[in-house]
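The data block below is input.tsv; it holds TSV, C-alpha atoms.
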chain	number	residue	atom	x	y	z
A	1	MET	CA	47.82	-77.34	-33.94
A	2	THR	CA	45.43	-74.80	-35.40
A	3	LEU	CA	44.06	-75.01	-38.91
A	4	PHE	CA	46.21	-72.10	-39.97
A	5	GLU	CA	49.35	-73.63	-38.50
A	6	LYS	CA	48.48	-76.81	-40.40
A	7	PHE	CA	48.20	-74.72	-43.57
A	8	VAL	CA	51.66	-73.27	-42.93
A	9	ALA	CA	53.18	-76.63	-42.02
A	10	ASP	CA	51.67	-78.41	-45.04
A	11	ASN	CA	52.79	-75.83	-47.56
A	12	ILE	CA	55.97	-74.19	-46.28
A	13	VAL	CA	58.28	-76.72	-47.96
A	14	ASP	CA	56.79	-76.71	-51.46
A	15	PHE	CA	55.48	-73.16	-51.46
A	16	GLU	CA	57.79	-71.24	-49.16
A	17	ASP	CA	57.52	-67.94	-51.03
A	18	GLU	CA	53.75	-68.10	-51.14
A	19	VAL	CA	53.44	-68.95	-47.44
A	20	ASN	CA	55.78	-66.12	-46.51
A	21	ASP	CA	53.77	-63.81	-48.72
A	22	VAL	CA	50.60	-64.79	-46.87
A	23	LEU	CA	52.24	-64.26	-43.49
A	24	ASN	CA	53.61	-60.88	-44.54
A	25	ARG	CA	50.25	-59.77	-45.84
A	26	LEU	CA	48.50	-60.83	-42.65
A	27	GLU	CA	51.05	-58.89	-40.66
A	28	VAL	CA	50.44	-55.75	-42.73
A	29	MET	CA	46.70	-56.18	-42.21
A	30	ALA	CA	47.20	-56.64	-38.49
A	31	LYS	CA	49.50	-53.69	-38.04
A	32	LYS	CA	48.37	-51.17	-40.61
A	33	THR	CA	45.48	-51.71	-42.92
A	34	GLY	CA	42.91	-53.97	-41.31
A	35	ALA	CA	41.24	-56.80	-43.19
A	36	ARG	CA	39.95	-54.75	-46.12
A	37	ASP	CA	37.37	-56.56	-48.18
A	38	HIS	CA	39.25	-56.08	-51.44
A	39	PHE	CA	42.15	-58.13	-50.08
A	40	PHE	CA	39.89	-61.18	-50.09
A	41	LYS	CA	38.06	-63.19	-52.70
A	42	GLN	CA	34.52	-62.97	-51.41
A	43	HIS	CA	31.62	-65.38	-51.71
A	44	GLU	CA	33.68	-68.52	-51.38
A	45	GLY	CA	31.15	-70.17	-49.12
A	46	LYS	CA	27.38	-70.35	-49.14
A	47	GLU	CA	25.37	-67.37	-50.33
A	48	GLY	CA	25.53	-64.55	-47.82
A	49	ASP	CA	28.08	-66.11	-45.49
A	50	PRO	CA	31.35	-64.37	-44.65
A	51	VAL	CA	33.62	-67.14	-45.95
A	52	CYS	CA	36.31	-65.84	-48.25
A	53	ALA	CA	39.78	-66.64	-49.53
A	54	LEU	CA	42.83	-64.52	-48.99
A	55	TYR	CA	44.13	-63.44	-52.37
A	56	ASP	CA	47.55	-64.65	-53.14
A	57	ASN	CA	49.64	-63.39	-56.00
A	58	PRO	CA	47.70	-64.24	-59.15
A	59	ASP	CA	50.62	-66.22	-60.48
A	60	LYS	CA	51.01	-68.17	-57.29
A	61	LYS	CA	49.35	-71.25	-56.17
A	62	LEU	CA	47.87	-71.25	-52.70
A	63	ARG	CA	44.39	-70.67	-51.34
A	64	LEU	CA	43.78	-69.82	-47.68
A	65	TYR	CA	40.14	-69.90	-46.56
A	66	CYS	CA	38.98	-67.42	-43.94
A	67	ILE	CA	35.92	-65.95	-42.35
A	68	ARG	CA	35.95	-62.18	-42.45
A	69	TYR	CA	33.85	-60.14	-40.05
A	70	HIS	CA	34.39	-56.53	-41.12
A	71	ASN	CA	37.83	-54.94	-41.21
A	72	ARG	CA	38.74	-55.82	-37.66
A	73	THR	CA	38.21	-59.54	-37.20
A	74	ILE	CA	39.09	-62.53	-39.30
A	75	ILE	CA	39.20	-66.24	-38.61
A	76	LEU	CA	41.89	-68.13	-40.47
A	77	GLY	CA	41.32	-71.64	-41.65
A	78	ASP	CA	43.20	-74.11	-43.77
A	79	GLY	CA	43.76	-74.14	-47.48
A	80	GLY	CA	46.14	-75.58	-49.98
A	81	HIS	CA	47.50	-75.73	-53.45
A	82	LYS	CA	45.13	-74.71	-56.21
A	83	PRO	CA	46.54	-75.96	-59.53
A	84	LYS	CA	45.87	-73.96	-62.65
A	85	GLY	CA	43.44	-76.47	-64.05
A	86	ILE	CA	41.17	-76.15	-61.02
A	87	ARG	CA	38.50	-73.47	-61.28
A	88	SER	CA	36.87	-73.86	-57.89
A	89	TRP	CA	37.53	-75.55	-54.56
A	90	GLN	CA	34.80	-78.07	-55.16
A	91	GLU	CA	37.07	-79.75	-57.68
A	92	LYS	CA	39.86	-80.60	-55.21
A	93	LYS	CA	39.38	-82.63	-52.04
A	94	ASP	CA	41.72	-80.79	-49.69
A	95	LEU	CA	40.47	-77.36	-50.77
A	96	ALA	CA	36.90	-78.57	-50.42
A	97	GLN	CA	37.57	-79.75	-46.88
A	98	ALA	CA	39.21	-76.44	-45.96
A	99	ALA	CA	36.39	-74.39	-47.46
A	100	ASN	CA	33.71	-76.58	-45.89
A	101	GLU	CA	35.33	-76.23	-42.47
A	102	MET	CA	34.94	-72.48	-42.74
A	103	ILE	CA	31.40	-72.77	-44.07
A	104	PHE	CA	30.47	-75.00	-41.14
A	105	LEU	CA	32.16	-72.70	-38.64
A	106	ALA	CA	30.57	-69.56	-40.08
A	107	ALA	CA	27.11	-71.15	-39.97
A	108	ASP	CA	27.64	-72.30	-36.41
A	109	ILE	CA	28.83	-68.87	-35.29
A	110	ASP	CA	25.84	-67.31	-37.01
A	111	ARG	CA	23.43	-69.70	-35.28
A	112	LYS	CA	24.99	-69.13	-31.90
A	113	LEU	CA	24.89	-65.36	-32.34
A	114	LYS	CA	21.19	-65.57	-33.17
A	115	ASP	CA	20.50	-67.93	-30.25
A	116	GLY	CA	22.46	-65.74	-27.87
A	117	GLU	CA	25.00	-68.44	-27.05
A	118	ILE	CA	27.78	-66.11	-28.10
A	119	GLU	CA	28.09	-62.39	-28.54
A	120	TRP	CA	30.59	-59.92	-29.92
A	121	THR	CA	32.60	-58.00	-27.40
A	122	ASP	CA	35.71	-55.79	-27.29
A	123	GLN	CA	34.46	-53.62	-30.14
A	124	ASN	CA	33.44	-56.64	-32.18
A	125	THR	CA	36.85	-58.29	-32.06
A	126	ARG	CA	36.15	-61.17	-29.67
A	127	LEU	CA	33.44	-63.77	-29.40
A	128	LYS	CA	32.27	-64.37	-25.86
A	129	GLY	CA	30.25	-67.35	-24.74
A	130	ASN	CA	30.05	-70.91	-25.97
A	131	THR	CA	32.80	-71.10	-28.59
A	132	ASN	CA	33.23	-74.84	-28.25
A	133	TYR	CA	32.49	-77.15	-31.16
A	134	LEU	CA	32.16	-80.51	-29.51
A	135	ASP	CA	29.80	-83.34	-30.28
A	136	GLU	CA	27.03	-83.58	-27.70
A	137	ASP	CA	28.39	-86.99	-26.71
A	138	ASP	CA	31.95	-85.79	-26.19
A	139	ASP	CA	33.19	-85.50	-22.65
A	140	GLU	CA	34.55	-82.07	-21.84
B	1	MET	CA	48.93	-53.46	-50.29
B	2	MET	CA	49.04	-49.80	-49.23
B	3	PHE	CA	48.92	-48.75	-52.87
B	4	SER	CA	45.76	-50.75	-53.45
B	5	ILE	CA	44.14	-48.95	-50.53
B	6	ARG	CA	45.16	-45.59	-51.96
B	7	LEU	CA	43.80	-46.64	-55.34
B	8	LEU	CA	40.43	-47.60	-53.87
B	9	GLU	CA	40.32	-44.35	-51.92
B	10	LEU	CA	40.89	-42.33	-55.10
B	11	MET	CA	38.20	-44.31	-56.92
B	12	LYS	CA	35.72	-43.62	-54.13
B	13	GLU	CA	36.64	-39.92	-54.03
B	14	ARG	CA	35.72	-39.67	-57.67
B	15	GLY	CA	32.66	-41.87	-57.41
B	16	LEU	CA	34.11	-44.51	-59.72
B	17	ASN	CA	33.19	-48.16	-59.39
B	18	LYS	CA	35.43	-50.89	-60.75
B	19	THR	CA	33.77	-50.94	-64.15
B	20	GLN	CA	33.98	-47.20	-64.60
B	21	PHE	CA	37.59	-47.04	-63.47
B	22	ALA	CA	38.45	-49.97	-65.74
B	23	GLU	CA	37.07	-48.00	-68.67
B	24	GLU	CA	39.09	-44.96	-67.64
B	25	VAL	CA	42.36	-46.87	-67.75
B	26	GLY	CA	41.48	-49.19	-70.60
B	27	LYS	CA	41.51	-52.39	-68.58
B	28	ASN	CA	38.93	-55.04	-67.77
B	29	ASN	CA	37.26	-55.57	-64.39
B	30	SER	CA	39.35	-58.60	-63.49
B	31	GLU	CA	42.53	-56.56	-63.91
B	32	ILE	CA	41.18	-53.91	-61.53
B	33	THR	CA	40.27	-56.65	-59.04
B	34	LYS	CA	43.89	-57.80	-59.18
B	35	TRP	CA	45.08	-54.23	-58.63
B	36	LEU	CA	42.87	-53.90	-55.56
B	37	SER	CA	43.77	-57.32	-54.14
B	38	GLY	CA	46.99	-56.03	-52.64
B	39	THR	CA	49.07	-58.64	-54.45
B	40	HIS	CA	49.80	-56.86	-57.69
B	41	ASN	CA	53.25	-55.47	-58.45
B	42	PHE	CA	52.69	-52.17	-60.21
B	43	THR	CA	55.15	-50.90	-62.79
B	44	MET	CA	56.02	-47.24	-63.05
B	45	ASP	CA	54.23	-47.11	-66.40
B	46	VAL	CA	50.99	-48.38	-64.86
B	47	MET	CA	51.22	-46.04	-61.90
B	48	THR	CA	51.78	-43.15	-64.27
B	49	GLU	CA	48.65	-44.17	-66.19
B	50	ILE	CA	46.68	-44.37	-62.96
B	51	ALA	CA	47.88	-40.94	-61.84
B	52	ALA	CA	46.90	-39.54	-65.24
B	53	ALA	CA	43.46	-41.15	-65.01
B	54	PHE	CA	42.90	-39.39	-61.69
B	55	ASP	CA	44.51	-36.19	-62.96
B	56	ILE	CA	46.99	-36.07	-60.11
B	57	GLU	CA	50.76	-36.04	-59.79
B	58	LEU	CA	52.51	-39.38	-59.41
B	59	HIS	CA	53.69	-38.60	-55.88
B	60	GLN	CA	50.09	-38.05	-54.80
B	61	LEU	CA	49.50	-41.77	-55.27
B	62	PHE	CA	51.74	-42.42	-52.31
B	63	GLU	CA	50.20	-40.23	-49.68
B	64	GLU	CA	50.35	-41.96	-46.29
B	65	GLN	CA	47.13	-43.58	-45.14
B	66	GLN	CA	45.85	-43.60	-41.59
B	67	SER	CA	46.31	-46.95	-39.92
B	68	GLN	CA	43.26	-48.97	-39.07
B	69	ASN	CA	42.65	-50.01	-35.51
B	70	SER	CA	44.34	-53.27	-34.66
B	71	LEU	CA	43.06	-56.41	-36.29
B	72	SER	CA	41.95	-59.42	-34.31
B	73	ILE	CA	42.92	-62.69	-35.94
B	74	TRP	CA	41.56	-66.04	-34.80
B	75	THR	CA	42.07	-69.54	-35.99
B	76	SER	CA	40.27	-72.72	-35.22
B	77	SER	CA	42.06	-75.76	-33.89
B	78	ALA	CA	41.61	-79.09	-35.54
B	79	SER	CA	41.45	-82.02	-33.14
B	80	LEU	CA	42.89	-84.34	-35.72
B	81	GLN	CA	45.82	-86.48	-34.70
B	82	LEU	CA	48.54	-84.52	-36.39
B	83	GLU	CA	52.28	-84.49	-36.03
B	84	PRO	CA	53.54	-81.55	-33.99
B	85	ALA	CA	54.20	-78.56	-36.19
B	86	ARG	CA	57.61	-78.73	-37.82
B	87	PHE	CA	57.94	-75.01	-37.61
B	88	PRO	CA	57.37	-72.72	-34.67
B	89	SER	CA	54.18	-70.74	-34.80
B	90	PRO	CA	54.84	-67.45	-36.61
B	91	PHE	CA	52.41	-65.78	-34.27
B	92	GLU	CA	54.22	-66.31	-31.01
B	93	LYS	CA	55.14	-63.07	-29.36
B	94	GLY	CA	58.37	-62.87	-27.42
B	95	ASP	CA	56.54	-62.87	-24.10
B	96	GLY	CA	55.05	-66.33	-24.65
B	97	THR	CA	51.62	-65.09	-25.74
B	98	ASN	CA	50.21	-65.63	-29.17
B	99	TRP	CA	48.62	-62.95	-31.26
B	100	ILE	CA	46.46	-65.45	-33.03
B	101	HIS	CA	43.80	-66.63	-30.61
B	102	PRO	CA	42.70	-70.27	-30.71
B	103	LEU	CA	38.98	-70.37	-31.32
B	104	SER	CA	38.58	-73.86	-29.91
B	105	THR	CA	38.19	-77.28	-31.37
B	106	LEU	CA	36.43	-78.82	-34.30
B	107	SER	CA	35.78	-82.38	-33.28
B	108	GLN	CA	37.07	-85.08	-35.58
B	109	SER	CA	33.62	-86.41	-36.32
B	110	LYS	CA	32.41	-82.96	-37.34
B	111	THR	CA	35.46	-82.58	-39.54
B	112	SER	CA	34.81	-85.94	-41.17
B	113	GLN	CA	31.28	-84.85	-41.92
B	114	LEU	CA	32.67	-81.98	-43.89
B	115	LEU	CA	34.54	-84.14	-46.36
B	116	PRO	CA	32.94	-84.12	-49.79
B	117	ASN	CA	31.25	-87.35	-50.89

Just give me the structure as structure tokens.
Amino acid sequence: MTLFEKFVADNIVDFEDEVNDVLNRLEVMAKKTGARDHFFKQHEGKEGDPVCALYDNPDKKLRLYCIRYHNRTIILGDGGHKPKGIRSWQEKKDLAQAANEMIFLAADIDRKLKDGEIEWTDQNTRLKGNTNYLDEDDDE
Amino acid sequence: MMFSIRLLELMKERGLNKTQFAEEVGKNNSEITKWLSGTHNFTMDVMTEIAAAFDIELHQLFEEQQSQNSLSIWTSSASLQLEPARFPSPFEKGDGTNWIHPLSTLSQSKTSQLLPN
């Protein structure tokens, strides 16, 4: 199961409208608009990294953390319910985990791009090279 | 979502940033951010105000935009021991392929390192 599928599975029962809204918006981005920066809440990760959150309806309750590389490529992560009393993801464990996963992934991708382990291809829509994230001790 | 794109396009055409446009329409910056987020439901009254601010006819707010090139969406797999998804993936195409590409695996130990203290 991917992180995004986990996000859908975890939230579809309690937040069906919001999940469907997210799916519909992603579909519109995929088919028509691209991943415009103003569709995302920027600067959700460390300073200068591309981690962001997909905006949901301001009255609604979910946060989905992503990594956005220009209008043409995004990486979807996990997310969760953000209650009204919570101002930032640091205040809620599941949101913190989801955001930190994206921060870790973005940093790793950045390092590997700089080291030449991976490179952009297909007009900057695919990463080619070592995209595995295994511990050094893990058996492949 | 398309309306928010049109709105941003009009702002750029007139060299207006969020703050300047907010002043034009008598709103604050956070309201304009909401308008541009693609989630806001605009009323006719608000759209009429926006058209007036840009000195255009209402119908000119709805001019068709050119589509972007296709978007590539990826998602990382978590190697946690999870139940199988209760719902089919919404990204399965009819031909058995998936338009969300799996990026690969975050190992469980890496994931556990990410948990806040």

Residues of chain A within 9 Å of chain B, counting all atoms listed in the file, as a ChimeraX atom specification: /A:1-6,8-9,12,23,25-26,28-41,54-58,66,71-77,90,93-94,96-98,100-101,104-105,125-127,131-135,138

How many Å lie between atom CA of Gly45 of chain A and atom CA of Tyr69 of chain A, rounded to one decimal? 13.8 Å

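Proximity to Val22 of chain A was assessed for A:Gly129, A:Gly79, A:Gly116, A:Gly85 counting all atoms listed in the file; the smallest distance is recorded for A:Gly79.
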
Would you work out the distance separating atom CA of Leu10 of chain B from atom CA of Met47 of chain B, expressed in Å to one decimal? 12.9 Å

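Across the model, the gap from atom CA of Asp55 of chain B to atom CA of Phe21 of chain B is 12.9 Å.
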
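Of the listed residues B:Glu57, B:Phe42, B:Glu63, B:Ala52, the one whose atoms come nearest to Glu24 of chain B is B:Ala52, with distances taken using only C-alpha atoms.
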
Can you pull out the residues contacting Ala51 of chain B? Cut-off 10 Å, using only C-alpha atoms, and skip same-chain residues under 6 positions away; I want them as a PyMOL selection string. chain B and resi 7+10+45+57-61

Just the selected residues (C-alpha atoms), exported as a CSV table (one decimal), keeping the file's coordinate frame, please.
chain,number,residue,atom,x,y,z
B,7,LEU,CA,43.8,-46.6,-55.3
B,10,LEU,CA,40.9,-42.3,-55.1
B,45,ASP,CA,54.2,-47.1,-66.4
B,57,GLU,CA,50.8,-36.0,-59.8
B,58,LEU,CA,52.5,-39.4,-59.4
B,59,HIS,CA,53.7,-38.6,-55.9
B,60,GLN,CA,50.1,-38.0,-54.8
B,61,LEU,CA,49.5,-41.8,-55.3

I'd like the neighbourhood of Phe15 of chain A as a PDB file with C-alpha atoms, keeping the file's coordinate frame, where a residue qualifies if any of its atoms comes within 12 Å (using all atoms listed in the file), though same-chain residues fewer than 5 positions away should be ignored.
ATOM      1  CA  PHE A   7      48.200 -74.720 -43.570  1.00  0.00           C
ATOM      2  CA  VAL A   8      51.660 -73.270 -42.930  1.00  0.00           C
ATOM      3  CA  ALA A   9      53.180 -76.630 -42.020  1.00  0.00           C
ATOM      4  CA  ASP A  10      51.670 -78.410 -45.040  1.00  0.00           C
ATOM      5  CA  ASN A  20      55.780 -66.120 -46.510  1.00  0.00           C
ATOM      6  CA  ASP A  21      53.770 -63.810 -48.720  1.00  0.00           C
ATOM      7  CA  VAL A  22      50.600 -64.790 -46.870  1.00  0.00           C
ATOM      8  CA  ASP A  56      47.550 -64.650 -53.140  1.00  0.00           C
ATOM      9  CA  LYS A  60      51.010 -68.170 -57.290  1.00  0.00           C
ATOM     10  CA  LYS A  61      49.350 -71.250 -56.170  1.00  0.00           C
ATOM     11  CA  LEU A  62      47.870 -71.250 -52.700  1.00  0.00           C
ATOM     12  CA  ARG A  63      44.390 -70.670 -51.340  1.00  0.00           C
ATOM     13  CA  GLY A  80      46.140 -75.580 -49.980  1.00  0.00           C
ATOM     14  CA  HIS A  81      47.500 -75.730 -53.450  1.00  0.00           C
ATOM     15  CA  LYS A  82      45.130 -74.710 -56.210  1.00  0.00           C
TER      16      LYS A  82
END

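Taking all atoms listed in the file into account, Ala53 of chain B lies nearest to B:Val25 out of the set B:Thr19, B:Lys12, B:Phe3, B:Val25.
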
Incomplete segment 24-48 of chain B brought to N, CA and C atoms, written out as a CSV table (one decimal), in the frame of the given file:
chain,number,residue,atom,x,y,z
B,24,GLU,N,38.2,-46.1,-67.7
B,24,GLU,CA,39.1,-45.0,-67.6
B,24,GLU,C,40.5,-45.3,-68.0
B,25,VAL,N,41.0,-46.5,-67.5
B,25,VAL,CA,42.4,-46.9,-67.8
B,25,VAL,C,42.5,-47.9,-68.8
B,26,GLY,N,41.4,-48.3,-69.5
B,26,GLY,CA,41.5,-49.2,-70.6
B,26,GLY,C,41.8,-50.6,-70.2
B,27,LYS,N,41.3,-51.0,-69.0
B,27,LYS,CA,41.5,-52.4,-68.6
B,27,LYS,C,40.2,-53.1,-68.4
B,28,ASN,N,40.2,-54.4,-68.1
B,28,ASN,CA,38.9,-55.0,-67.8
B,28,ASN,C,38.8,-55.2,-66.3
B,29,ASN,N,37.6,-55.5,-65.8
B,29,ASN,CA,37.3,-55.6,-64.4
B,29,ASN,C,38.2,-56.5,-63.6
B,30,SER,N,38.5,-57.6,-64.2
B,30,SER,CA,39.4,-58.6,-63.5
B,30,SER,C,40.7,-58.0,-63.2
B,31,GLU,N,41.2,-57.2,-64.1
B,31,GLU,CA,42.5,-56.6,-63.9
B,31,GLU,C,42.5,-55.6,-62.7
B,32,ILE,N,41.3,-54.8,-62.7
B,32,ILE,CA,41.2,-53.9,-61.5
B,32,ILE,C,41.0,-54.7,-60.2
B,33,THR,N,40.4,-55.8,-60.3
B,33,THR,CA,40.3,-56.6,-59.0
B,33,THR,C,41.7,-57.1,-58.6
B,34,LYS,N,42.5,-57.4,-59.5
B,34,LYS,CA,43.9,-57.8,-59.2
B,34,LYS,C,44.6,-56.6,-58.6
B,35,TRP,N,44.4,-55.4,-59.2
B,35,TRP,CA,45.1,-54.2,-58.6
B,35,TRP,C,44.7,-54.0,-57.2
B,36,LEU,N,43.4,-54.2,-56.9
B,36,LEU,CA,42.9,-53.9,-55.6
B,36,LEU,C,43.2,-55.0,-54.6
B,37,SER,N,43.6,-56.2,-55.0
B,37,SER,CA,43.8,-57.3,-54.1
B,37,SER,C,44.9,-57.2,-53.2
B,38,GLY,N,45.8,-56.2,-53.5
B,38,GLY,CA,47.0,-56.0,-52.6
B,38,GLY,C,48.2,-56.9,-53.0
B,39,THR,N,48.0,-57.7,-54.1
B,39,THR,CA,49.1,-58.6,-54.4
B,39,THR,C,49.8,-58.2,-55.7
B,40,HIS,N,49.3,-57.2,-56.4
B,40,HIS,CA,49.8,-56.9,-57.7
B,40,HIS,C,51.1,-56.0,-57.6
B,41,ASN,N,52.0,-56.3,-58.4
B,41,ASN,CA,53.2,-55.5,-58.4
B,41,ASN,C,53.1,-54.5,-59.6
B,42,PHE,N,52.9,-53.2,-59.2
B,42,PHE,CA,52.7,-52.2,-60.2
B,42,PHE,C,54.0,-51.7,-60.8
B,43,THR,N,54.0,-51.5,-62.1
B,43,THR,CA,55.2,-50.9,-62.8
B,43,THR,C,55.0,-49.4,-62.8
B,44,MET,N,56.1,-48.7,-63.0
B,44,MET,CA,56.0,-47.2,-63.0
B,44,MET,C,55.1,-46.8,-64.2
B,45,ASP,N,55.1,-47.5,-65.3
B,45,ASP,CA,54.2,-47.1,-66.4
B,45,ASP,C,52.8,-47.2,-66.0
B,46,VAL,N,52.4,-48.2,-65.3
B,46,VAL,CA,51.0,-48.4,-64.9
B,46,VAL,C,50.6,-47.3,-63.8
B,47,MET,N,51.5,-47.1,-62.9
B,47,MET,CA,51.2,-46.0,-61.9
B,47,MET,C,51.1,-44.7,-62.5
B,48,THR,N,51.9,-44.4,-63.6
B,48,THR,CA,51.8,-43.2,-64.3
B,48,THR,C,50.4,-43.0,-65.0
